[in-house]
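Student: Sharing a structure, written as structure tokens. Questions coming.
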Amino acid sequence: MSAVEQYARAHIVTDSAQETPAVPVALRYDPEAEPPEVHVTLPGQHEWVVARDLLERGLRTPTASGDIRIWPCGRVQTVVEFHSPEGVAVVQFDVKALIRFLRRTYMAGAPVARRS
């Protein structure tokens, strides 16, 4: 099976009063990886690995694991916060883009029925 890749437009949240433009964020899922995980690549080649179930739970309720925190922000956005020794990156996604991506990951990981 091939990997699922999708670009999503997201906002990098900063402490600046100025609104930041949306940037492309790459989402990638390898159906053969165990455990199921999503690679999130921000501009500048900053990549984090998020458990797929953590990302899914974060669409509905605040959740965290290690250096990653995810929570819904109203009905249409989800915030993902990545902590590293260099600092914190806060990224705001449209929920629809994440749901579309997650659906594709489940379709890619579905077992193929074999005929006898």
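We label chains A, B, ... in the order they appear in the structure tokens, count residues from 1 in each chain, and number ligands from 1 in the order shown.
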Can you tell me, as JSON, numbers by chain, what residues are no more than 12 Å from Val80 (chain A) when counting only C-alpha atoms, ignoring any on the same chain fewer than 6 positions away?

Tutor: {"A": [10, 11, 12, 13, 40, 42, 48, 49, 50, 54, 55, 56, 57, 58, 59, 62, 63, 64, 65, 67, 68, 69, 70, 71, 72, 73, 88, 89, 90, 91, 92, 93, 94, 95, 98]}

Student: Can you list, as an NGL selection string, every residue of chain A that DSSP puts in strand (DSSP E or B)?

Tutor: :A and (4-13 or 23-29 or 37-42 or 46-51 or 63-65 or 68-73 or 77-84 or 87-94)

Student: Between A:Leu102, A:Phe82, A:Pro21, A:Pro31, single out the one closest to Glu47 (chain A), counting only C-alpha atoms.

Tutor: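 That would be A:Phe82, the residue with the smallest distance to Glu47 (chain A).
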
Student: Which one of A:Val38, A:Gln45, A:Tyr7, A:Pro85 sits closest to Ala26 (chain A) if you count only C-alpha atoms?

Tutor: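 Closest candidate: A:Tyr7.
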
Student: Where does DSSP see alpha helix (DSSP H) in region 8-110 of chain A, if you list the residues as a VMD selection string?

Tutor: chain A and resid 52 to 58 95 to 108

Student: Return the single residue from A:Gly66, A:Pro43, A:Gly87, A:Pro36 that is closest to Tyr106 (chain A), with distances computed using only C-alpha atoms.

Tutor: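 Result for the nearest residue to Tyr106 (chain A): A:Pro36.
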
Student: Find the residues around Arg28 (chain A) up to 9 Å (only C-alpha atoms counted), leave out those fewer than 4 positions away in its own chain, and share them as a PDB file with all heavy atoms, in the first residue's frame.

Tutor:
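Dumped to result-v7.pdb:
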```
ATOM      1  N   ALA A   3       1.751   5.349   0.701  1.00  0.00           N
ATOM      2  CA  ALA A   3       1.553   6.335   1.758  1.00  0.00           C
ATOM      3  C   ALA A   3       0.476   7.338   1.354  1.00  0.00           C
ATOM      4  O   ALA A   3       0.247   7.584   0.173  1.00  0.00           O
ATOM      5  CB  ALA A   3       2.859   7.062   2.029  1.00  0.00           C
ATOM      6  N   VAL A   4      -0.167   7.898   2.352  1.00  0.00           N
ATOM      7  CA  VAL A   4      -1.171   8.937   2.150  1.00  0.00           C
ATOM      8  C   VAL A   4      -0.498  10.265   2.444  1.00  0.00           C
ATOM      9  O   VAL A   4       0.067  10.447   3.527  1.00  0.00           O
ATOM     10  CB  VAL A   4      -2.383   8.731   3.083  1.00  0.00           C
ATOM     11  CG1 VAL A   4      -3.361   9.883   2.949  1.00  0.00           C
ATOM     12  CG2 VAL A   4      -3.051   7.396   2.812  1.00  0.00           C
ATOM     13  N   GLU A   5      -0.530  11.173   1.482  1.00  0.00           N
ATOM     14  CA  GLU A   5       0.049  12.507   1.678  1.00  0.00           C
ATOM     15  C   GLU A   5      -0.986  13.554   1.316  1.00  0.00           C
ATOM     16  O   GLU A   5      -1.754  13.388   0.369  1.00  0.00           O
ATOM     17  CB  GLU A   5       1.287  12.685   0.813  1.00  0.00           C
ATOM     18  CG  GLU A   5       2.408  11.770   1.190  1.00  0.00           C
ATOM     19  CD  GLU A   5       3.661  11.983   0.353  1.00  0.00           C
ATOM     20  OE1 GLU A   5       3.582  12.622  -0.707  1.00  0.00           O
ATOM     21  OE2 GLU A   5       4.707  11.514   0.786  1.00  0.00           O
ATOM     22  N   GLN A   6      -0.991  14.612   2.087  1.00  0.00           N
ATOM     23  CA  GLN A   6      -1.925  15.703   1.825  1.00  0.00           C
ATOM     24  C   GLN A   6      -1.325  16.988   2.360  1.00  0.00           C
ATOM     25  O   GLN A   6      -0.698  16.994   3.419  1.00  0.00           O
ATOM     26  CB  GLN A   6      -3.255  15.410   2.521  1.00  0.00           C
ATOM     27  CG  GLN A   6      -4.268  16.531   2.431  1.00  0.00           C
ATOM     28  CD  GLN A   6      -5.568  16.145   3.126  1.00  0.00           C
ATOM     29  OE1 GLN A   6      -6.085  15.065   2.920  1.00  0.00           O
ATOM     30  NE2 GLN A   6      -6.083  17.037   3.947  1.00  0.00           N
ATOM     31  N   TYR A   7      -1.507  18.057   1.619  1.00  0.00           N
ATOM     32  CA  TYR A   7      -1.123  19.374   2.118  1.00  0.00           C
ATOM     33  C   TYR A   7      -2.364  20.027   2.688  1.00  0.00           C
ATOM     34  O   TYR A   7      -3.452  19.943   2.128  1.00  0.00           O
ATOM     35  CB  TYR A   7      -0.532  20.247   1.009  1.00  0.00           C
ATOM     36  CG  TYR A   7       0.897  19.901   0.722  1.00  0.00           C
ATOM     37  CD1 TYR A   7       1.219  18.959  -0.257  1.00  0.00           C
ATOM     38  CD2 TYR A   7       1.938  20.481   1.437  1.00  0.00           C
ATOM     39  CE1 TYR A   7       2.537  18.620  -0.506  1.00  0.00           C
ATOM     40  CE2 TYR A   7       3.257  20.150   1.199  1.00  0.00           C
ATOM     41  CZ  TYR A   7       3.536  19.220   0.221  1.00  0.00           C
ATOM     42  OH  TYR A   7       4.840  18.880  -0.003  1.00  0.00           O
ATOM     43  N   GLU A  37       0.957   6.328  12.748  1.00  0.00           N
ATOM     44  CA  GLU A  37       1.406   7.672  13.083  1.00  0.00           C
ATOM     45  C   GLU A  37       1.348   8.583  11.874  1.00  0.00           C
ATOM     46  O   GLU A  37       1.425   8.133  10.739  1.00  0.00           O
ATOM     47  CB  GLU A  37       2.824   7.632  13.659  1.00  0.00           C
ATOM     48  CG  GLU A  37       3.813   6.950  12.761  1.00  0.00           C
ATOM     49  CD  GLU A  37       5.143   6.647  13.437  1.00  0.00           C
ATOM     50  OE1 GLU A  37       5.210   6.554  14.677  1.00  0.00           O
ATOM     51  OE2 GLU A  37       6.121   6.504  12.696  1.00  0.00           O
ATOM     52  N   VAL A  38       1.201   9.867  12.163  1.00  0.00           N
ATOM     53  CA  VAL A  38       1.121  10.902  11.140  1.00  0.00           C
ATOM     54  C   VAL A  38       2.367  11.778  11.259  1.00  0.00           C
ATOM     55  O   VAL A  38       2.727  12.197  12.351  1.00  0.00           O
ATOM     56  CB  VAL A  38      -0.153  11.762  11.331  1.00  0.00           C
ATOM     57  CG1 VAL A  38      -0.167  12.937  10.371  1.00  0.00           C
ATOM     58  CG2 VAL A  38      -1.402  10.901  11.174  1.00  0.00           C
ATOM     59  N   HIS A  39       3.018  12.032  10.134  1.00  0.00           N
ATOM     60  CA  HIS A  39       4.156  12.942  10.095  1.00  0.00           C
ATOM     61  C   HIS A  39       3.634  14.304   9.658  1.00  0.00           C
ATOM     62  O   HIS A  39       2.987  14.425   8.622  1.00  0.00           O
ATOM     63  CB  HIS A  39       5.214  12.445   9.105  1.00  0.00           C
ATOM     64  CG  HIS A  39       5.857  11.174   9.549  1.00  0.00           C
ATOM     65  ND1 HIS A  39       7.111  11.136  10.097  1.00  0.00           N
ATOM     66  CD2 HIS A  39       5.400   9.901   9.564  1.00  0.00           C
ATOM     67  CE1 HIS A  39       7.408   9.889  10.418  1.00  0.00           C
ATOM     68  NE2 HIS A  39       6.373   9.122  10.097  1.00  0.00           N
ATOM     69  N   VAL A  40       3.903  15.313  10.456  1.00  0.00           N
ATOM     70  CA  VAL A  40       3.471  16.685  10.182  1.00  0.00           C
ATOM     71  C   VAL A  40       4.724  17.494   9.900  1.00  0.00           C
ATOM     72  O   VAL A  40       5.593  17.632  10.765  1.00  0.00           O
ATOM     73  CB  VAL A  40       2.703  17.275  11.384  1.00  0.00           C
ATOM     74  CG1 VAL A  40       2.273  18.703  11.089  1.00  0.00           C
ATOM     75  CG2 VAL A  40       1.512  16.395  11.756  1.00  0.00           C
ATOM     76  N   THR A  41       4.822  18.029   8.668  1.00  0.00           N
ATOM     77  CA  THR A  41       5.996  18.815   8.288  1.00  0.00           C
ATOM     78  C   THR A  41       5.589  20.266   8.070  1.00  0.00           C
ATOM     79  O   THR A  41       4.778  20.572   7.202  1.00  0.00           O
ATOM     80  CB  THR A  41       6.650  18.247   7.008  1.00  0.00           C
ATOM     81  OG1 THR A  41       6.927  16.864   7.214  1.00  0.00           O
ATOM     82  CG2 THR A  41       7.930  18.993   6.688  1.00  0.00           C
ATOM     83  N   PHE A 101      -8.092  14.064   5.754  1.00  0.00           N
ATOM     84  CA  PHE A 101      -6.835  13.326   5.782  1.00  0.00           C
ATOM     85  C   PHE A 101      -6.982  12.031   6.591  1.00  0.00           C
ATOM     86  O   PHE A 101      -6.562  10.962   6.148  1.00  0.00           O
ATOM     87  CB  PHE A 101      -5.720  14.193   6.361  1.00  0.00           C
ATOM     88  CG  PHE A 101      -4.438  13.454   6.548  1.00  0.00           C
ATOM     89  CD1 PHE A 101      -3.642  13.135   5.464  1.00  0.00           C
ATOM     90  CD2 PHE A 101      -4.033  13.055   7.813  1.00  0.00           C
ATOM     91  CE1 PHE A 101      -2.454  12.434   5.629  1.00  0.00           C
ATOM     92  CE2 PHE A 101      -2.851  12.358   7.994  1.00  0.00           C
ATOM     93  CZ  PHE A 101      -2.058  12.051   6.893  1.00  0.00           C
ATOM     94  N   THR A 105      -6.479   8.007   5.608  1.00  0.00           N
ATOM     95  CA  THR A 105      -5.551   7.074   6.257  1.00  0.00           C
ATOM     96  C   THR A 105      -6.249   5.772   6.616  1.00  0.00           C
ATOM     97  O   THR A 105      -5.652   4.708   6.512  1.00  0.00           O
ATOM     98  CB  THR A 105      -4.909   7.676   7.530  1.00  0.00           C
ATOM     99  OG1 THR A 105      -5.868   7.803   8.577  1.00  0.00           O
ATOM    100  CG2 THR A 105      -4.232   8.998   7.245  1.00  0.00           C
TER     101      THR A 105
END
```

Student: One decimal, in Å: what's the spacing between CA of Arg52 (chain A) and CA of Ala22 (chain A)?

Tutor: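 CA of Ala22 (chain A) lies at a distance of 23.2 Å from CA of Arg52 (chain A).
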
Student: Would you mind telling me which residue in A:Leu27, A:Ala51, A:Val76, A:Ala33 lies nearest to Arg104 (chain A) when using only C-alpha atoms?

Tutor: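 Closest to Arg104 (chain A), using only C-alpha atoms: A:Leu27.
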